[in-house]
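Take a look at the structure below.
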Amino acid sequence: MPPDYSARPAIAIRALSKRFGRLAAVSELNLEVGRGEIFGFLGLNAAGKTTTIRLLLDLLRPDKGDAFILGRHCRKQGLEARSLIGYLPGEMGFYGDMSGRELLELFAGLSAGEVRKAYVEELLQRLEFPAADLQRKLREYSTGMKRKLGLVQAFQSEPPLLILDEPTEGLDPLMQEAFYQLLFDVRHRGCTVFMSSHVLSEVERVCDRIGLIRRGRLVLQSPVGEIRKLAARTVRVVFDEDVAAVPDFLPPGYEILESSARAWTVRVNGPLGKLIQALPGLPIRDLEVSEPRLEEILIRYFREEGR
Amino acid sequence: MSAGLALISHSYRRVRVLVLGAATLLVGFQILLCLAAKTAQELNAFGQLSALIPEFVRQLMGPALISLMSFGGIVCLGYFHFAVVVILIGMGITITTEISAEIETRFVDLILSRPLARHWLITRSIVLFIAASAFLLLAMILGTSLGLHLFAPADVFSPTLRLVRSLALNLGALIVCWGSVTLAITSFARRRSVAGAISGLLALATYLFDYIAQIWKPAAKIAPLFPFHYYNALQLISASGLPWREVRVLLCFAGAGIALAYLQFTRRDL
């Protein structure tokens with residue numbers, strides 16, 4: 001089911017600001033997440049991702065601005081807003097002497113609606129969490145098991161909005177795959193997912209849109225496909241025979257990265273048409289076009305932050 | 001409401017073993033005191049016990065010493081003995097600092113990401129520490145009754161149930177007061193150890209200060225500002241009636257602490 005952007009947004013943030021002393025953790029943040037989309041919230045450490053999430057949950061009080069969850073004000077209608085959320089924190093705070101079962105039962109009891117036992121069993125099964133392990137104390141759990149349990153408690157009440165802070169941290173590749181499938185399934189049912197992540201390949205794979213936060217400000221907000229279009233592609237032209245080494249007739253936006261008698265590697269900003277037109281009469285055997293990876297694009301943004 | 005009850009039930013499960021352990025200890029202590037009082041009575045050792053008390057302490061205690069150095073006085077000691085006060089205040093600190101522990105471990109993020117009003121964290125602590133205090137005091141009264149039933153000689157004056165109840169009620173008001181003070185401190189703190197240490201040290205300091213105030217006049221002027229001033233068990237043993245004024249003042253302290261805790265906790269960043 002395609003995301004429904006026309007309805008009232010799942011998350012709306014308006015000029016949200018939060019300072020901790022001299023540090024502006026979030027500054028004039030404006031953001032909208034449409035219903036049914038999977039939104040990736042990216043940024044380096046201390047960029048303001050978790051602060052934004054904690055402001056949405058009313059754990060922190062903003063200095064300025066407003067935030068809404070499915071039309072409910074996060075502070076003034078906090079209980080209503082939070083009844084619509086499933087939350088997985090980045091740092092899982094557990095009591096080591098509680099069992100997994102006790103934890104799930106506690107959060108089922110604190111949830112707004114009734115939690116379906118069959119769905120909890122399904123979640124446990126999909127994340128390969130043995131039922132017997134639920135009786136064990138949480139201090140005996142590995143990092144991955146704690147993460148899986150955290151995911152189950154976030155998903156179990158089938159909320160219309162999931163806020164997940166670094167959800168795959170500590171999960172093995174198989175479980176990451178199971179988690180992605182789970183995300184696609186809940187999105188198919190109309191659930192919105194707002195997730196922060198450091199794993200750019202993961203964001204590229206599962207997210208419809210991303211927002212990049214830097215020093216508390218949103219510096220990029222775009223569909224994943226659009227971001228790729230902004231970046232240069234790499235084209236490798238392979239020849240059947242030796243050709244003149246460096247062509248000097250390429251139009252602006254084209255840059256030769258590497259050239260030899262039998263192959264050129266060209267960085268192309270924009271459409272490829274002009275490159276094709278510029279190659280008539282040459283003995284072309286093959287053209288290899290490499291799409292830019294989101295990771296490469298975002299790393300450039302991150303590097304700018306470091307400067 | 002049901003979410004609030006789920007939270008109370010969760011916290012109750014966490015402290016029940018500790019409360020039961022403390023109750024067992026206190027019951028045992030009360031019975032032991034009855035046995036000790038019986039032994040002292042049989043050996044007619046109250047005079048010797050008085051002689052062991054330093055002169056300045058005697059002056060400090062005044063005529064109340066006579067009440068204390070008797071079968072009934074030793075039995076009542078269980079309601080103002082330092083160890084008993086430490087156990088009860090320690091229990092209050094343990095229960096009311098749970099919020100700081102939840103903030104410190106970030107468990108609070110998970111709890112409050114649910115549709116649960118913030119005040120429930122304070123309400124939960126109040127319900128639990130009042131219930132735990134009441135349970136422990138009832139256990140103490142039970143221990144005293146059992147000890148008297150087992151060991152009280154027929155021909156001596158035993159403390160009446162009214163006196164025991166008065167001591168327990170006044171002590172209960174003091175414990176509730178300290179619990180509330182701790183709750184107010186907790187509502188500002190991010191770490192359980194900090195909240196617990198501040199509250200514990202403050203309790204110890206004011207406890208000692210109250211003794212100092214009895215022999216040092218300048219301190220006596222400030223003493224009414226602190227809760228221990230309103231729990232004078234020795235006077236209670238002599239007078240034998242519940243000092244309602246003291247109880248009211250302690251409950252006012254408690255009310256102020258609770259109000260501050262609610263106000264601060266609902267406004268703060270977590």
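Ordered as shown in the structure tokens, chains take letters A, B, and onward, while each chain numbers its residues from 1 and ligands are numbered from 1 in the order shown.
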
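Omitting region 176-181 of chain B and its sequence neighbours fewer than 6 positions away, and counting only C-alpha atoms, the residues within 7 Å are B:Ile89, B:Gly92, B:Ile93, B:Thr96, B:Ile130, B:Leu250, B:Leu251, B:Phe253, B:Ala254, B:Gly257, B:Ile258.
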
Could those selected residues go to a file with C-alpha atoms, as a CSV table (one decimal), in the first residue's frame?
chain,number,residue,atom,x,y,z
B,89,ILE,CA,13.5,5.2,57.0
B,92,GLY,CA,11.0,4.5,52.7
B,93,ILE,CA,14.1,5.7,50.9
B,96,THR,CA,10.6,6.4,47.0
B,130,ILE,CA,2.4,4.3,52.9
B,250,LEU,CA,4.6,15.6,60.6
B,251,LEU,CA,1.7,15.1,58.2
B,253,PHE,CA,5.7,18.1,56.4
B,254,ALA,CA,4.6,15.0,54.4
B,257,GLY,CA,7.0,17.0,50.4
B,258,ILE,CA,4.4,15.2,48.3

Do me a favour and pick out the residues of chain A within 9 Å of chain B, using only C-alpha atoms, as a PDB file with N, CA and C atoms, in the first residue's frame.
ATOM      1  N   ARG A  54      12.673  12.039  22.103  1.00  0.00           N
ATOM      2  CA  ARG A  54      12.230  12.204  23.493  1.00  0.00           C
ATOM      3  C   ARG A  54      11.314  13.414  23.657  1.00  0.00           C
ATOM      4  N   LEU A  57       7.930  12.154  22.670  1.00  0.00           N
ATOM      5  CA  LEU A  57       7.328  11.309  23.708  1.00  0.00           C
ATOM      6  C   LEU A  57       7.007  12.098  24.980  1.00  0.00           C
ATOM      7  N   ASP A  58       7.277  13.404  24.950  1.00  0.00           N
ATOM      8  CA  ASP A  58       7.017  14.273  26.102  1.00  0.00           C
ATOM      9  C   ASP A  58       7.892  13.923  27.316  1.00  0.00           C
ATOM     10  N   LEU A  59       9.006  13.260  27.039  1.00  0.00           N
ATOM     11  CA  LEU A  59       9.957  12.992  28.129  1.00  0.00           C
ATOM     12  C   LEU A  59      10.787  14.241  28.382  1.00  0.00           C
ATOM     13  N   LEU A  60      10.992  15.017  27.328  1.00  0.00           N
ATOM     14  CA  LEU A  60      11.646  16.320  27.444  1.00  0.00           C
ATOM     15  C   LEU A  60      10.629  17.383  27.092  1.00  0.00           C
ATOM     16  N   ARG A  61      10.775  18.529  27.716  1.00  0.00           N
ATOM     17  CA  ARG A  61       9.854  19.629  27.434  1.00  0.00           C
ATOM     18  C   ARG A  61      10.548  20.647  26.538  1.00  0.00           C
ATOM     19  N   GLY A  78      -0.948  14.604  25.542  1.00  0.00           N
ATOM     20  CA  GLY A  78       0.121  13.614  25.639  1.00  0.00           C
ATOM     21  C   GLY A  78      -0.379  12.179  25.760  1.00  0.00           C
ATOM     22  N   LEU A  79      -1.397  11.970  26.593  1.00  0.00           N
ATOM     23  CA  LEU A  79      -1.865  10.595  26.800  1.00  0.00           C
ATOM     24  C   LEU A  79      -2.447  10.025  25.519  1.00  0.00           C
ATOM     25  N   GLU A  80      -3.242  10.846  24.831  1.00  0.00           N
ATOM     26  CA  GLU A  80      -3.833  10.396  23.558  1.00  0.00           C
ATOM     27  C   GLU A  80      -2.739  10.119  22.538  1.00  0.00           C
ATOM     28  N   ALA A  81      -1.776  11.049  22.493  1.00  0.00           N
ATOM     29  CA  ALA A  81      -0.687  10.903  21.512  1.00  0.00           C
ATOM     30  C   ALA A  81       0.090   9.618  21.778  1.00  0.00           C
ATOM     31  N   ARG A  82       0.405   9.377  23.048  1.00  0.00           N
ATOM     32  CA  ARG A  82       1.247   8.220  23.357  1.00  0.00           C
ATOM     33  C   ARG A  82       0.485   6.894  23.285  1.00  0.00           C
ATOM     34  N   SER A  83      -0.853   6.993  23.286  1.00  0.00           N
ATOM     35  CA  SER A  83      -1.620   5.748  23.126  1.00  0.00           C
ATOM     36  C   SER A  83      -1.510   5.231  21.691  1.00  0.00           C
ATOM     37  N   LEU A  84      -0.942   6.053  20.804  1.00  0.00           N
ATOM     38  CA  LEU A  84      -0.849   5.674  19.389  1.00  0.00           C
ATOM     39  C   LEU A  84       0.574   5.242  19.002  1.00  0.00           C
ATOM     40  N   ILE A  85       1.443   5.165  20.008  1.00  0.00           N
ATOM     41  CA  ILE A  85       2.868   4.951  19.713  1.00  0.00           C
ATOM     42  C   ILE A  85       3.362   3.609  20.251  1.00  0.00           C
ATOM     43  N   GLY A  86       4.222   2.982  19.474  1.00  0.00           N
ATOM     44  CA  GLY A  86       5.043   1.875  19.980  1.00  0.00           C
ATOM     45  C   GLY A  86       6.468   2.381  19.938  1.00  0.00           C
ATOM     46  N   TYR A  87       7.209   2.240  21.020  1.00  0.00           N
ATOM     47  CA  TYR A  87       8.520   2.893  21.095  1.00  0.00           C
ATOM     48  C   TYR A  87       9.622   1.897  21.462  1.00  0.00           C
ATOM     49  N   LEU A  88      10.690   1.973  20.721  1.00  0.00           N
ATOM     50  CA  LEU A  88      11.891   1.214  21.053  1.00  0.00           C
ATOM     51  C   LEU A  88      13.013   2.214  21.302  1.00  0.00           C
ATOM     52  N   PRO A  89      13.471   2.330  22.543  1.00  0.00           N
ATOM     53  CA  PRO A  89      14.555   3.300  22.805  1.00  0.00           C
ATOM     54  C   PRO A  89      15.904   2.786  22.320  1.00  0.00           C
ATOM     55  N   GLU A  91      18.717   3.041  24.039  1.00  0.00           N
ATOM     56  CA  GLU A  91      19.288   2.354  25.197  1.00  0.00           C
ATOM     57  C   GLU A  91      18.149   1.694  25.932  1.00  0.00           C
ATOM     58  N   MET A  92      18.202   0.376  25.996  1.00  0.00           N
ATOM     59  CA  MET A  92      17.108  -0.344  26.648  1.00  0.00           C
ATOM     60  C   MET A  92      17.340  -0.382  28.152  1.00  0.00           C
ATOM     61  N   GLY A  93      16.540   0.330  28.897  1.00  0.00           N
ATOM     62  CA  GLY A  93      16.662   0.316  30.353  1.00  0.00           C
ATOM     63  C   GLY A  93      15.780  -0.758  30.933  1.00  0.00           C
ATOM     64  N   PHE A  94      16.403  -1.819  31.410  1.00  0.00           N
ATOM     65  CA  PHE A  94      15.641  -2.929  31.992  1.00  0.00           C
ATOM     66  C   PHE A  94      16.072  -3.137  33.431  1.00  0.00           C
ATOM     67  N   TYR A  95      15.218  -3.794  34.192  1.00  0.00           N
ATOM     68  CA  TYR A  95      15.643  -4.315  35.489  1.00  0.00           C
ATOM     69  C   TYR A  95      16.119  -5.739  35.253  1.00  0.00           C
ATOM     70  N   ASP A  97      16.490  -8.184  37.124  1.00  0.00           N
ATOM     71  CA  ASP A  97      15.828  -9.287  37.825  1.00  0.00           C
ATOM     72  C   ASP A  97      14.411  -9.549  37.320  1.00  0.00           C
ATOM     73  N   MET A  98      14.007  -8.835  36.283  1.00  0.00           N
ATOM     74  CA  MET A  98      12.689  -9.135  35.682  1.00  0.00           C
ATOM     75  C   MET A  98      12.886 -10.205  34.615  1.00  0.00           C
ATOM     76  N   GLU A 102       7.622 -11.116  32.198  1.00  0.00           N
ATOM     77  CA  GLU A 102       7.134 -10.030  33.088  1.00  0.00           C
ATOM     78  C   GLU A 102       7.200  -8.686  32.375  1.00  0.00           C
ATOM     79  N   LEU A 106       4.082  -6.363  31.620  1.00  0.00           N
ATOM     80  CA  LEU A 106       4.003  -5.006  32.185  1.00  0.00           C
ATOM     81  C   LEU A 106       3.635  -4.009  31.086  1.00  0.00           C
ATOM     82  N   PHE A 107       4.338  -4.086  29.948  1.00  0.00           N
ATOM     83  CA  PHE A 107       4.073  -3.089  28.909  1.00  0.00           C
ATOM     84  C   PHE A 107       2.756  -3.339  28.180  1.00  0.00           C
ATOM     85  N   GLY A 109       0.174  -4.249  29.894  1.00  0.00           N
ATOM     86  CA  GLY A 109      -0.737  -3.624  30.869  1.00  0.00           C
ATOM     87  C   GLY A 109      -0.731  -2.106  30.782  1.00  0.00           C
ATOM     88  N   LEU A 110       0.398  -1.547  30.377  1.00  0.00           N
ATOM     89  CA  LEU A 110       0.495  -0.083  30.292  1.00  0.00           C
ATOM     90  C   LEU A 110      -0.013   0.444  28.944  1.00  0.00           C
ATOM     91  N   SER A 111      -0.241  -0.443  27.999  1.00  0.00           N
ATOM     92  CA  SER A 111      -0.674  -0.002  26.666  1.00  0.00           C
ATOM     93  C   SER A 111      -2.141   0.394  26.674  1.00  0.00           C
ATOM     94  N   ALA A 112      -2.513   1.140  25.631  1.00  0.00           N
ATOM     95  CA  ALA A 112      -3.885   1.642  25.571  1.00  0.00           C
ATOM     96  C   ALA A 112      -4.873   0.527  25.248  1.00  0.00           C
TER      97      ALA A 112
END

Extract the full set of strand (DSSP E) residues from region 49-196 of chain A according to DSSP on the backbone, and format it as number ranges by chain. A: 64-69, 72-73, 85-88, 161-165, 192-196

Please produce an output containing C-alpha atoms for each residue in the selection, written as a PDB file, in the first residue's frame.
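Result saved to out00.pdb:
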ATOM      1  CA  LYS A  64       9.837  26.448  21.849  1.00  0.00           C
ATOM      2  CA  GLY A  65       7.680  24.933  19.162  1.00  0.00           C
ATOM      3  CA  ASP A  66       5.125  22.165  18.975  1.00  0.00           C
ATOM      4  CA  ALA A  67       4.975  18.546  17.976  1.00  0.00           C
ATOM      5  CA  PHE A  68       1.961  16.477  16.978  1.00  0.00           C
ATOM      6  CA  ILE A  69       1.410  12.744  16.743  1.00  0.00           C
ATOM      7  CA  ARG A  72      -2.584  15.112  18.853  1.00  0.00           C
ATOM      8  CA  HIS A  73      -0.365  17.656  20.569  1.00  0.00           C
ATOM      9  CA  ILE A  85       2.868   4.951  19.713  1.00  0.00           C
ATOM     10  CA  GLY A  86       5.043   1.875  19.980  1.00  0.00           C
ATOM     11  CA  TYR A  87       8.520   2.893  21.095  1.00  0.00           C
ATOM     12  CA  LEU A  88      11.891   1.214  21.053  1.00  0.00           C
ATOM     13  CA  LEU A 161       2.995   4.755  14.749  1.00  0.00           C
ATOM     14  CA  LEU A 162       6.276   3.094  15.602  1.00  0.00           C
ATOM     15  CA  ILE A 163       9.183   5.194  16.841  1.00  0.00           C
ATOM     16  CA  LEU A 164      12.337   3.136  16.726  1.00  0.00           C
ATOM     17  CA  ASP A 165      15.702   4.426  17.879  1.00  0.00           C
ATOM     18  CA  THR A 192       3.908   4.634  10.062  1.00  0.00           C
ATOM     19  CA  VAL A 193       7.502   4.026  11.087  1.00  0.00           C
ATOM     20  CA  PHE A 194       9.863   6.738  12.291  1.00  0.00           C
ATOM     21  CA  MET A 195      13.279   5.251  12.798  1.00  0.00           C
ATOM     22  CA  SER A 196      16.678   6.642  13.558  1.00  0.00           C
TER      23      SER A 196
END

Which polymer residues have any atom within 10 Å of an atom of Phe80 (chain B), counting only C-alpha atoms, with same-chain residues fewer than 2 positions away left out, as a VMD selection string? chain B and resid 76 to 78 82 to 86 167 to 168 171 231 to 234

Write out the residues from the selection above, keeping N, CA and C atoms, as a short mmCIF file (atom, residue, chain, number, x, y, z; two decimals), in the first residue's frame.
data_model
loop_
_atom_site.label_atom_id
_atom_site.label_comp_id
_atom_site.auth_asym_id
_atom_site.auth_seq_id
_atom_site.Cartn_x
_atom_site.Cartn_y
_atom_site.Cartn_z
N CYS B 76 8.79 -0.82 74.97
CA CYS B 76 8.49 0.30 74.06
C CYS B 76 9.72 0.79 73.30
N LEU B 77 10.91 0.40 73.78
CA LEU B 77 12.15 0.84 73.13
C LEU B 77 12.15 0.50 71.63
N GLY B 78 11.45 -0.56 71.29
CA GLY B 78 11.38 -1.00 69.89
C GLY B 78 10.74 0.02 68.97
N PHE B 82 17.27 3.23 67.54
CA PHE B 82 17.94 3.75 66.33
C PHE B 82 17.85 2.75 65.16
N ALA B 83 18.07 1.46 65.46
CA ALA B 83 18.07 0.44 64.38
C ALA B 83 16.70 0.35 63.72
N VAL B 84 15.66 0.46 64.55
CA VAL B 84 14.30 0.38 64.01
C VAL B 84 14.01 1.58 63.12
N VAL B 85 14.41 2.75 63.61
CA VAL B 85 14.19 3.98 62.82
C VAL B 85 14.97 3.89 61.50
N VAL B 86 16.19 3.34 61.58
CA VAL B 86 17.01 3.20 60.36
C VAL B 86 16.32 2.26 59.36
N LEU B 167 2.51 5.05 69.94
CA LEU B 167 3.91 5.06 69.51
C LEU B 167 4.01 4.72 68.02
N ALA B 168 3.26 3.71 67.62
CA ALA B 168 3.31 3.27 66.22
C ALA B 168 2.78 4.35 65.29
N LEU B 171 5.31 7.19 65.15
CA LEU B 171 6.44 6.73 64.35
C LEU B 171 6.05 6.65 62.87
N TYR B 231 8.78 13.74 67.15
CA TYR B 231 8.61 12.36 67.61
C TYR B 231 9.41 12.18 68.89
N ASN B 232 8.75 12.42 70.00
CA ASN B 232 9.41 12.27 71.29
C ASN B 232 8.79 11.08 72.01
N ALA B 233 9.37 9.92 71.76
CA ALA B 233 8.79 8.68 72.26
C ALA B 233 8.81 8.60 73.78
N LEU B 234 9.89 9.14 74.37
CA LEU B 234 10.00 9.05 75.83
C LEU B 234 8.86 9.82 76.51
#

With a distance cut-off of 8 Å and only C-alpha atoms, select the neighbouring residues of Leu294 (chain A), excluding the residue or stretch itself and same-chain residues fewer than 2 positions from it, and output the selection as JSON, numbers by chain. {"A": [200, 201, 204, 224, 227, 228, 292, 296, 297, 298]}

Between CA of Arg35 (chain A) and CA of Glu122 (chain A), what is the distance in Å, rounded to a tenth? 24.5 Å

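Using only C-alpha atoms, the nearest neighbour of Gln30 (chain B) within the list B:Leu225, B:Leu136, B:Ile141, B:Ile95 is B:Ile141.
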
Spatial neighbours of Ala213 (chain B), 9 Å, only C-alpha atoms, chain gap at least 6 places, as a PDB file with C-alpha atoms, in the first residue's frame:
ATOM      1  CA  ALA B 219      20.029  24.486  68.331  1.00  0.00           C
ATOM      2  CA  ALA B 220      16.750  24.136  70.198  1.00  0.00           C
ATOM      3  CA  LYS B 221      15.416  27.183  68.377  1.00  0.00           C
ATOM      4  CA  ILE B 222      15.960  25.579  64.967  1.00  0.00           C
ATOM      5  CA  ALA B 223      14.981  22.046  65.957  1.00  0.00           C
TER       6      ALA B 223
END

Skip Ser199 (chain B) itself and residues of its chain fewer than 2 positions away, then list as a list in words all residues within 9 Å of it, counting only C-alpha atoms. Ile93, Trp178, Val181, Thr182, Ile185, Thr186, Val194, Ala195, Gly196, Ala197, Leu201, Leu202, Ala203 and Leu204 of chain B
